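The file my_file_22.txt contains compact mmCIF, C-alpha atoms:
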# COMPACT_ATOMS: atom_id res chain seq x y z
CA MET P 21 28.84 138.22 111.69
CA THR P 22 28.98 141.25 113.89
CA LYS P 23 31.33 142.80 116.39
CA VAL P 24 30.67 143.05 120.10
CA GLU P 25 30.02 146.67 121.05
CA ASN P 26 29.49 148.73 124.20
CA TYR P 27 31.17 146.14 126.45
CA ARG P 28 30.89 147.28 130.03
CA LEU P 29 31.95 145.55 133.24
CA GLU P 30 30.71 146.95 136.56
CA LYS P 31 31.29 145.77 140.09
CA LYS P 32 28.41 146.26 142.54
CA ALA P 33 26.99 144.97 145.78
CA VAL P 34 23.40 143.74 145.77
CA ASN P 35 21.82 142.54 149.01
CA GLY P 36 25.29 142.32 150.50
CA THR P 37 26.64 140.12 147.68
CA ALA P 38 29.44 141.45 145.49
CA ILE P 39 28.62 140.93 141.82
CA PHE P 40 30.04 141.65 138.38
CA ILE P 41 27.54 143.04 135.88
CA THR P 42 28.67 142.55 132.29
CA SER P 43 26.70 144.11 129.46
CA TYR P 44 27.30 144.45 125.73
CA LYS P 45 25.61 144.76 122.37
CA ILE P 46 25.55 142.06 119.70
CA GLY P 47 23.69 143.04 116.53
CA THR P 48 20.58 144.91 117.57
CA LYS P 49 20.25 143.37 121.06
CA PHE P 50 21.85 144.27 124.33
CA TYR P 51 22.85 141.42 126.64
CA CYS P 52 23.70 141.35 130.30
CA HIS P 53 24.93 138.65 132.60
CA ILE P 54 25.63 138.77 136.28
CA GLU P 55 28.10 136.69 138.24
CA ASN P 56 28.81 136.60 141.92
CA ILE P 57 32.42 137.59 142.49
CA ASP P 58 32.96 134.69 144.85
CA PRO P 59 32.81 131.93 143.62
CA GLY P 60 32.42 133.52 140.20
CA ALA P 61 29.36 131.75 138.86
CA THR P 62 26.91 133.27 136.41
CA ILE P 63 23.65 133.70 138.28
CA ALA P 64 21.51 135.62 135.80
CA ARG P 65 21.39 136.38 132.12
CA ALA P 66 18.99 138.65 130.21
CA TYR P 67 18.67 140.79 127.11
CA GLY P 68 16.84 143.95 126.15
CA GLU P 69 16.48 146.70 123.58
CA THR P 70 18.76 149.01 125.54
CA GLN P 71 21.78 148.37 127.72
CA GLU P 72 19.91 149.63 130.77
CA ALA P 73 16.88 147.42 130.05
CA ALA P 74 19.10 144.34 129.75
CA LYS P 75 20.85 145.24 133.00
CA GLN P 76 17.65 145.78 134.93
CA ALA P 77 16.19 142.50 133.69
CA ALA P 78 19.35 140.62 134.71
CA ILE P 79 19.47 142.29 138.12
CA ALA P 80 15.82 141.36 138.74
CA LYS P 81 16.65 137.70 137.99
CA ALA P 82 19.77 137.83 140.13
CA LEU P 83 17.83 139.19 143.10
CA GLU P 84 15.77 136.00 143.11
CA ARG P 85 18.97 134.05 143.78
CA ILE P 86 20.91 136.21 146.22
CA MET T 14 59.41 137.51 134.10
CA THR T 15 59.65 133.71 134.03
CA GLU T 16 57.90 131.89 131.20
CA PHE T 17 55.20 129.33 131.98
CA ALA T 18 56.45 125.75 132.24
CA ASN T 19 54.36 124.84 129.17
CA PRO T 20 53.58 128.15 127.44
CA ASP T 21 52.35 126.39 124.28
CA VAL T 22 49.13 125.22 125.95
CA LEU T 23 47.79 128.77 125.88
CA VAL T 24 46.75 130.65 122.78
CA THR T 25 45.73 134.29 122.66
CA THR T 26 42.49 135.76 121.38
CA GLU T 27 44.52 137.36 118.60
CA TRP T 28 45.90 133.95 117.55
CA ILE T 29 42.36 132.60 117.34
CA ASP T 30 41.25 135.58 115.28
CA ASN T 31 44.02 134.73 112.81
CA HIS T 32 43.35 130.96 112.78
CA LYS T 33 39.59 130.64 113.14
CA ASP T 34 39.25 129.59 109.49
CA ASP T 35 42.12 127.10 109.66
CA PRO T 36 40.63 123.62 108.99
CA ASP T 37 43.25 122.02 111.24
CA VAL T 38 42.03 124.07 114.21
CA ALA T 39 38.77 123.25 115.99
CA VAL T 40 37.57 126.01 118.29
CA ILE T 41 35.22 124.66 120.96
CA GLU T 42 33.16 126.71 123.41
CA VAL T 43 32.29 125.02 126.71
CA ASP T 44 30.17 127.18 129.01
CA VAL T 45 28.66 126.81 132.43
CA ASP T 46 25.63 128.55 130.97
CA ALA T 47 24.69 127.11 127.56
CA GLU T 48 22.75 130.27 126.67
CA ALA T 49 26.01 132.14 126.26
CA TYR T 50 26.88 130.37 122.99
CA VAL T 51 23.48 131.21 121.54
CA GLU T 52 24.01 134.94 122.13
CA GLY T 53 27.09 134.89 119.96
CA HIS T 54 30.31 132.92 119.74
CA ILE T 55 33.66 132.94 117.99
CA PRO T 56 32.94 132.45 114.29
CA GLY T 57 33.36 128.78 113.49
CA ALA T 58 33.27 127.64 117.13
CA VAL T 59 31.37 124.49 118.04
CA ALA T 60 29.58 124.21 121.40
CA TRP T 61 29.99 121.29 123.77
CA SER T 62 27.67 120.84 126.72
CA TRP T 63 29.36 119.82 129.96
CA ARG T 64 26.02 118.54 131.26
CA THR T 65 25.20 116.19 128.40
CA GLN T 66 28.35 115.65 126.34
CA LEU T 67 31.32 115.75 128.70
CA CYS T 68 30.11 113.18 131.18
CA ASP T 69 28.58 109.75 131.36
CA GLN T 70 24.81 110.21 131.15
CA VAL T 71 24.00 107.22 133.37
CA GLU T 72 26.62 106.79 136.07
CA ARG T 73 28.53 109.65 137.63
CA ASN T 74 31.74 109.62 135.61
CA ILE T 75 33.73 111.31 132.88
CA ILE T 76 32.74 110.76 129.27
CA LYS T 77 33.06 107.17 128.05
CA LYS T 78 35.69 106.44 125.43
CA THR T 79 33.05 105.48 122.84
CA ASP T 80 31.05 108.64 123.53
CA LEU T 81 34.19 110.75 123.22
CA GLU T 82 34.82 109.18 119.83
CA VAL T 83 31.32 110.13 118.73
CA LEU T 84 31.62 113.69 120.09
CA LEU T 85 34.99 114.37 118.51
CA GLY T 86 34.01 112.74 115.23
CA TYR T 87 30.81 114.79 115.13
CA SER T 88 32.92 117.89 115.85
CA GLY T 89 35.16 117.20 112.86
CA ILE T 90 38.20 116.38 114.95
CA THR T 91 40.98 113.87 114.27
CA GLN T 92 43.97 112.96 116.46
CA LYS T 93 45.93 115.64 114.57
CA THR T 94 43.43 118.48 115.00
CA LYS T 95 44.42 121.36 117.25
CA ILE T 96 41.56 121.71 119.68
CA VAL T 97 41.28 125.16 121.24
CA LEU T 98 38.89 125.38 124.17
CA TYR T 99 37.35 128.47 125.66
CA GLY T 100 34.30 129.33 127.71
CA ASP T 101 32.59 131.52 130.25
CA ASN T 102 33.44 131.85 133.96
CA ASN T 103 37.15 132.25 133.18
CA ASN T 104 37.30 128.93 131.36
CA TRP T 105 35.92 126.71 134.15
CA PHE T 106 34.51 124.06 131.85
CA ALA T 107 37.03 124.70 129.09
CA THR T 108 39.67 123.40 131.49
CA TRP T 109 37.30 120.57 132.49
CA ALA T 110 37.18 119.54 128.81
CA PHE T 111 40.96 120.00 128.56
CA TRP T 112 41.45 117.68 131.54
CA GLN T 113 39.27 114.97 130.01
CA LEU T 114 40.99 115.25 126.62
CA LYS T 115 44.33 114.86 128.39
CA LEU T 116 43.02 111.79 130.23
CA TYR T 117 42.27 110.36 126.79
CA LYS T 118 45.73 111.47 125.58
CA HIS T 119 44.69 113.91 122.85
CA GLU T 120 47.97 115.74 122.31
CA ASN T 121 46.98 118.95 120.55
CA VAL T 122 44.71 120.68 122.98
CA TYR T 123 44.93 124.30 124.06
CA ILE T 124 43.13 126.90 126.14
CA MET T 125 42.32 130.38 124.82
CA ASP T 126 43.68 132.61 127.58
CA GLY T 127 41.00 134.93 128.93
CA GLY T 128 38.15 132.83 127.60
CA ARG T 129 34.86 134.18 126.37
CA LYS T 130 35.13 137.20 128.66
CA LYS T 131 38.26 138.54 126.95
CA TRP T 132 36.94 137.88 123.45
CA LEU T 133 33.82 139.94 124.18
CA ALA T 134 35.71 142.68 126.02
CA GLU T 135 37.99 143.18 123.03
CA GLY T 136 35.00 143.79 120.77
CA ARG T 137 35.87 140.96 118.42
CA GLU T 138 33.56 139.40 115.84
CA VAL T 139 30.92 136.94 116.95
CA SER T 140 28.47 134.76 115.08
CA THR T 141 25.14 133.22 115.95
CA ASP T 142 25.43 130.48 113.32
CA VAL T 143 25.22 126.95 114.64
CA ILE T 144 28.39 125.34 113.37
CA VAL T 145 28.53 121.86 111.88
CA ARG T 146 32.01 120.78 110.87
CA GLU T 147 32.66 117.99 108.40
CA LYS T 148 32.40 114.76 110.36
CA THR T 149 35.41 112.54 110.95
CA VAL T 150 36.06 109.15 112.47
CA TYR T 151 37.95 109.60 115.72
CA TYR T 152 39.72 106.76 117.50
CA ALA T 153 40.34 107.60 121.15
CA LYS T 154 43.13 106.11 123.20
CA ASP T 155 42.48 104.36 126.49
CA PRO T 156 42.33 106.80 129.39
CA ASP T 157 45.30 107.51 131.63
CA PHE T 158 44.09 108.19 135.15
CA THR T 159 47.36 109.50 136.57
CA GLN T 160 45.84 113.00 136.40
CA ARG T 161 42.72 111.95 138.28
CA ALA T 162 42.18 111.26 141.98
CA PHE T 163 39.52 108.85 143.13
CA LEU T 164 38.01 108.84 146.61
CA THR T 165 40.20 105.99 147.82
CA GLN T 166 43.33 107.86 146.75
CA VAL T 167 42.26 110.94 148.72
CA GLN T 168 41.59 108.77 151.77
CA ALA T 169 44.96 107.03 151.32
CA ALA T 170 46.81 110.36 151.24
CA TYR T 171 46.45 110.83 155.00
CA PRO T 172 48.19 112.03 157.11
CA LEU T 173 48.96 114.45 154.23
CA SER T 174 52.68 114.62 154.97
CA THR T 175 53.73 114.51 151.32
CA THR T 176 50.37 115.49 149.79
CA ALA T 177 48.90 118.96 149.51
CA LEU T 178 45.12 118.82 149.38
CA ILE T 179 43.63 122.00 147.91
CA ASP T 180 40.01 123.11 148.12
CA VAL T 181 39.51 125.80 145.45
CA ARG T 182 35.94 126.71 146.37
CA SER T 183 34.79 130.01 147.83
CA ARG T 184 35.36 130.79 151.50
CA GLY T 185 31.70 130.23 152.34
CA GLU T 186 31.71 126.78 150.78
CA TYR T 187 34.97 125.87 152.51
CA THR T 188 33.80 126.92 155.96
CA GLY T 189 30.43 125.23 155.51
CA GLU T 190 28.43 128.44 155.64
CA ILE T 191 26.91 127.41 152.29
CA ILE T 192 26.92 124.01 150.58
CA ALA T 193 26.84 125.23 146.97
CA PRO T 194 26.94 128.64 145.29
CA PRO T 195 23.57 130.26 144.55
CA GLY T 196 22.02 128.97 141.35
CA LEU T 197 24.18 125.87 141.05
CA PRO T 198 22.08 122.81 141.80
CA GLU T 199 24.66 120.07 142.41
CA THR T 200 24.99 119.83 146.13
CA ALA T 201 26.02 117.60 149.04
CA GLN T 202 24.45 116.44 152.27
CA ARG T 203 26.82 118.43 154.49
CA GLY T 204 28.85 121.64 154.32
CA GLY T 205 32.51 122.11 155.19
CA HIS T 206 35.76 120.78 153.78
CA ILE T 207 37.94 117.68 153.74
CA PRO T 208 40.13 117.72 156.88
CA GLY T 209 43.48 119.37 156.32
CA ALA T 210 42.56 120.90 152.97
CA LEU T 211 44.03 124.29 152.16
CA ASN T 212 41.63 126.88 150.79
CA ILE T 213 43.13 128.52 147.70
CA ASN T 214 40.32 130.01 145.66
CA TRP T 215 40.54 129.18 141.92
CA ARG T 216 40.03 132.89 141.18
CA GLU T 217 43.39 133.76 142.71
CA SER T 218 44.98 132.37 139.54
CA CYS T 219 43.24 134.88 137.27
CA ASN T 220 43.64 138.49 136.32
CA GLU T 221 40.56 140.73 136.09
CA ASP T 222 40.42 140.25 132.31
CA GLY T 223 40.15 136.49 132.73
CA THR T 224 43.71 135.67 131.68
CA PHE T 225 46.01 133.64 133.89
CA LYS T 226 48.40 135.45 136.19
CA SER T 227 52.11 135.31 135.45
CA TYR T 228 54.31 132.34 136.36
CA ASP T 229 55.95 134.32 139.15
CA ASP T 230 52.65 135.45 140.65
CA LEU T 231 51.18 131.95 140.48
CA LYS T 232 54.28 130.41 142.03
CA THR T 233 54.10 132.91 144.90
CA ILE T 234 50.40 132.20 145.50
CA PHE T 235 50.87 128.45 145.80
CA GLU T 236 54.23 128.43 147.55
CA GLN T 237 53.03 130.77 150.27
CA HIS T 238 50.52 128.05 151.15
CA GLY T 239 53.28 125.44 151.13
CA VAL T 240 52.20 123.93 147.83
CA THR T 241 55.54 123.24 146.20
CA ALA T 242 56.53 121.17 143.17
CA ASP T 243 57.88 118.31 145.29
CA LYS T 244 54.43 117.61 146.76
CA HIS T 245 51.75 115.30 145.45
CA VAL T 246 48.86 117.65 144.91
CA ILE T 247 45.17 116.74 144.94
CA ILE T 248 42.68 119.45 144.04
CA TYR T 249 38.94 119.47 144.53
CA CYS T 250 35.97 121.82 144.37
CA ARG T 251 32.26 120.96 144.21
CA ILE T 252 31.97 118.83 141.04
CA GLY T 253 35.46 119.02 139.54
CA GLU T 254 35.36 121.92 137.12
CA ARG T 255 36.93 124.71 139.21
CA SER T 256 39.51 122.19 140.35
CA SER T 257 40.28 121.42 136.67
CA HIS T 258 41.14 125.10 136.34
CA THR T 259 43.66 124.95 139.20
CA TRP T 260 44.90 121.53 138.01
CA PHE T 261 45.67 123.21 134.66
CA VAL T 262 47.54 126.02 136.43
CA LEU T 263 49.68 123.69 138.53
CA LYS T 264 50.26 121.00 135.91
CA TYR T 265 50.82 123.09 132.79
CA LEU T 266 51.61 126.66 133.79
CA LEU T 267 53.78 125.90 136.84
CA GLY T 268 54.88 122.46 135.65
CA TYR T 269 54.27 120.53 138.89
CA PRO T 270 54.79 116.84 138.10
CA ASN T 271 52.25 115.21 140.42
CA VAL T 272 48.86 116.88 140.26
CA ARG T 273 45.51 115.14 140.30
CA ASN T 274 41.99 116.45 139.95
CA TYR T 275 39.57 114.86 142.42
CA ASP T 276 36.41 115.22 140.33
CA GLY T 277 34.24 113.47 142.89
CA SER T 278 34.96 116.59 144.91
CA TRP T 279 32.72 117.95 147.63
CA THR T 280 29.51 116.49 146.20
CA GLU T 281 31.03 113.05 146.83
CA TRP T 282 32.92 113.61 150.09
CA GLY T 283 30.21 115.77 151.64
CA SER T 284 27.62 113.05 151.04
CA LEU T 285 29.58 110.08 152.40
CA VAL T 286 28.26 108.45 155.54
CA GLY T 287 30.83 108.75 158.29
CA ALA T 288 33.42 110.72 156.35
CA PRO T 289 35.32 113.22 158.53
CA ILE T 290 34.54 116.87 157.83
CA GLU T 291 35.98 120.11 159.10
CA VAL T 292 33.87 123.25 159.32
CA GLY T 293 34.90 126.86 159.87
CA GLU T 294 38.31 128.34 159.19
Would you give me this structure, written as structure tokens?
Amino acid sequence: MTKVENYRLEKKAVNGTAIFITSYKIGTKFYCHIENIDPGATIARAYGETQEAAKQAAIAKALERI
Amino acid sequence: MTEFANPDVLVTTEWIDNHKDDPDVAVIEVDVDAEAYVEGHIPGAVAWSWRTQLCDQVERNIIKKTDLEVLLGYSGITQKTKIVLYGDNNNWFATWAFWQLKLYKHENVYIMDGGRKKWLAEGREVSTDVIVREKTVYYAKDPDFTQRAFLTQVQAAYPLSTTALIDVRSRGEYTGEIIAPPGLPETAQRGGHIPGALNINWRESCNEDGTFKSYDDLKTIFEQHGVTADKHVIIYCRIGERSSHTWFVLKYLLGYPNVRNYDGSWTEWGSLVGAPIEVGE
């Protein structure tokens, strides 16, 4: 078992869509998921070796959907 | 501040932290996105899939009684077990599971306020172990559909004089600008909303941390739209999960006596031949 670390919630606009970007560390991996603020559905999820890498990977996936 | 009508249906993240090893408590994670559980979950929590386990796999319907008995037995649950549900997207499908368990009259069922989002934000412990609880034999009761609205009941509610019909989807879905949110595949043939429906977004019931707003704030939100406790309330969304969330708010937090979740929702109404539809504001 491990604790969640580096939890970060950011609000951004991508291609005119308002999104929440949530990133955190579990164990040795960083995770990121993106939801559109309205209606609030998760639209992308990714992980990486750094918080920034996880974020960029999730944003790239999200861009395919918005 | 006024207390919720049924405050006992909510448990806090702290309560779960203190009871996660209690054998009489079953913590169940129900996510929109099944990958979330795999990343890490509350230690001891079992995952249920809304796509494969909380519905009939052949016809469009809620879970069958016999399948519920198998699921709950496999999850180590008896009629006396306290089931605590939580999940992603501010507990969308946790409240969907709660609604179905209430249809089948399981008494001890609760929602972890704030859901997965709050647990992670608080930096609490997570596990990646796949949990298998000791199996039980569960006998389900026959379902009570007084909390559920079928298509014919929605149609019979017109001219909506004593019924408040609430569409909890996003503005774009309500106006017909989009049929379904990006990335969510269940859709309908047409966009728009059921005539006369009020648009009160499910998210209005939540704080930024995922917890439910206070009784007073929730009461203000619904009453300013004319949704008062004396009304018969029917709630819908796209497939019935966001509307379960608002059903939970009205039924358990505000204590409205007559609230039904129309789980056929827009994917049913918006695909019916000849059904009236309103578009725009």
Query raised in the report: Residues at most 7 Å from stretch 42-57 of chain T, counting all atoms listed in the file, excluding those fewer than 4 positions away in the same chain, as a list in words?
Result: Lys33, Trp61, Ser62, Trp63, Leu98, Tyr99, Gly100, Asp101, Phe106, Ala107, Glu138, Val139, Ser140, Thr141 and Ile144 of chain T
Requested in this report: Name the residues, using the chain letters and numbers of the file, that sit within 10 Å of (45.1, 104.3, 125.0) when counting all atoms listed in the file, and give them as a PyMOL selection string.
Outcome: chain T and resi 78+116-119+152-157
Requested in this report: Measuring atom to atom with only C-alpha atoms, identify which of P:Ala74, P:Ile63, P:Ile57, P:Ala80 is nearest to chain T.
Outcome: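 Selected residue with least distance to chain T: P:Ile63.
The neighbours of stretch 35-44 of chain P here are the residues that come within 8 Å of it, using only C-alpha atoms and leaving out any residue fewer than 2 positions away in the same chain; they are Val24, Glu25, Asn26, Tyr27, Arg28, Leu29, Glu30, Lys31, Lys32, Ala33, Ile46, Phe50, Tyr51, Cys52, His53, Ile54, Glu55, Asn56, Ile57, Asp58, Gln71, Ala74, Lys75, Leu83 and Ile86 of chain P.
With distances taken over all atoms listed in the file, P:Met21 is the one residue among P:Ala61, P:Met21, P:Ala66, P:Val34 lying closest to P:Gly47.
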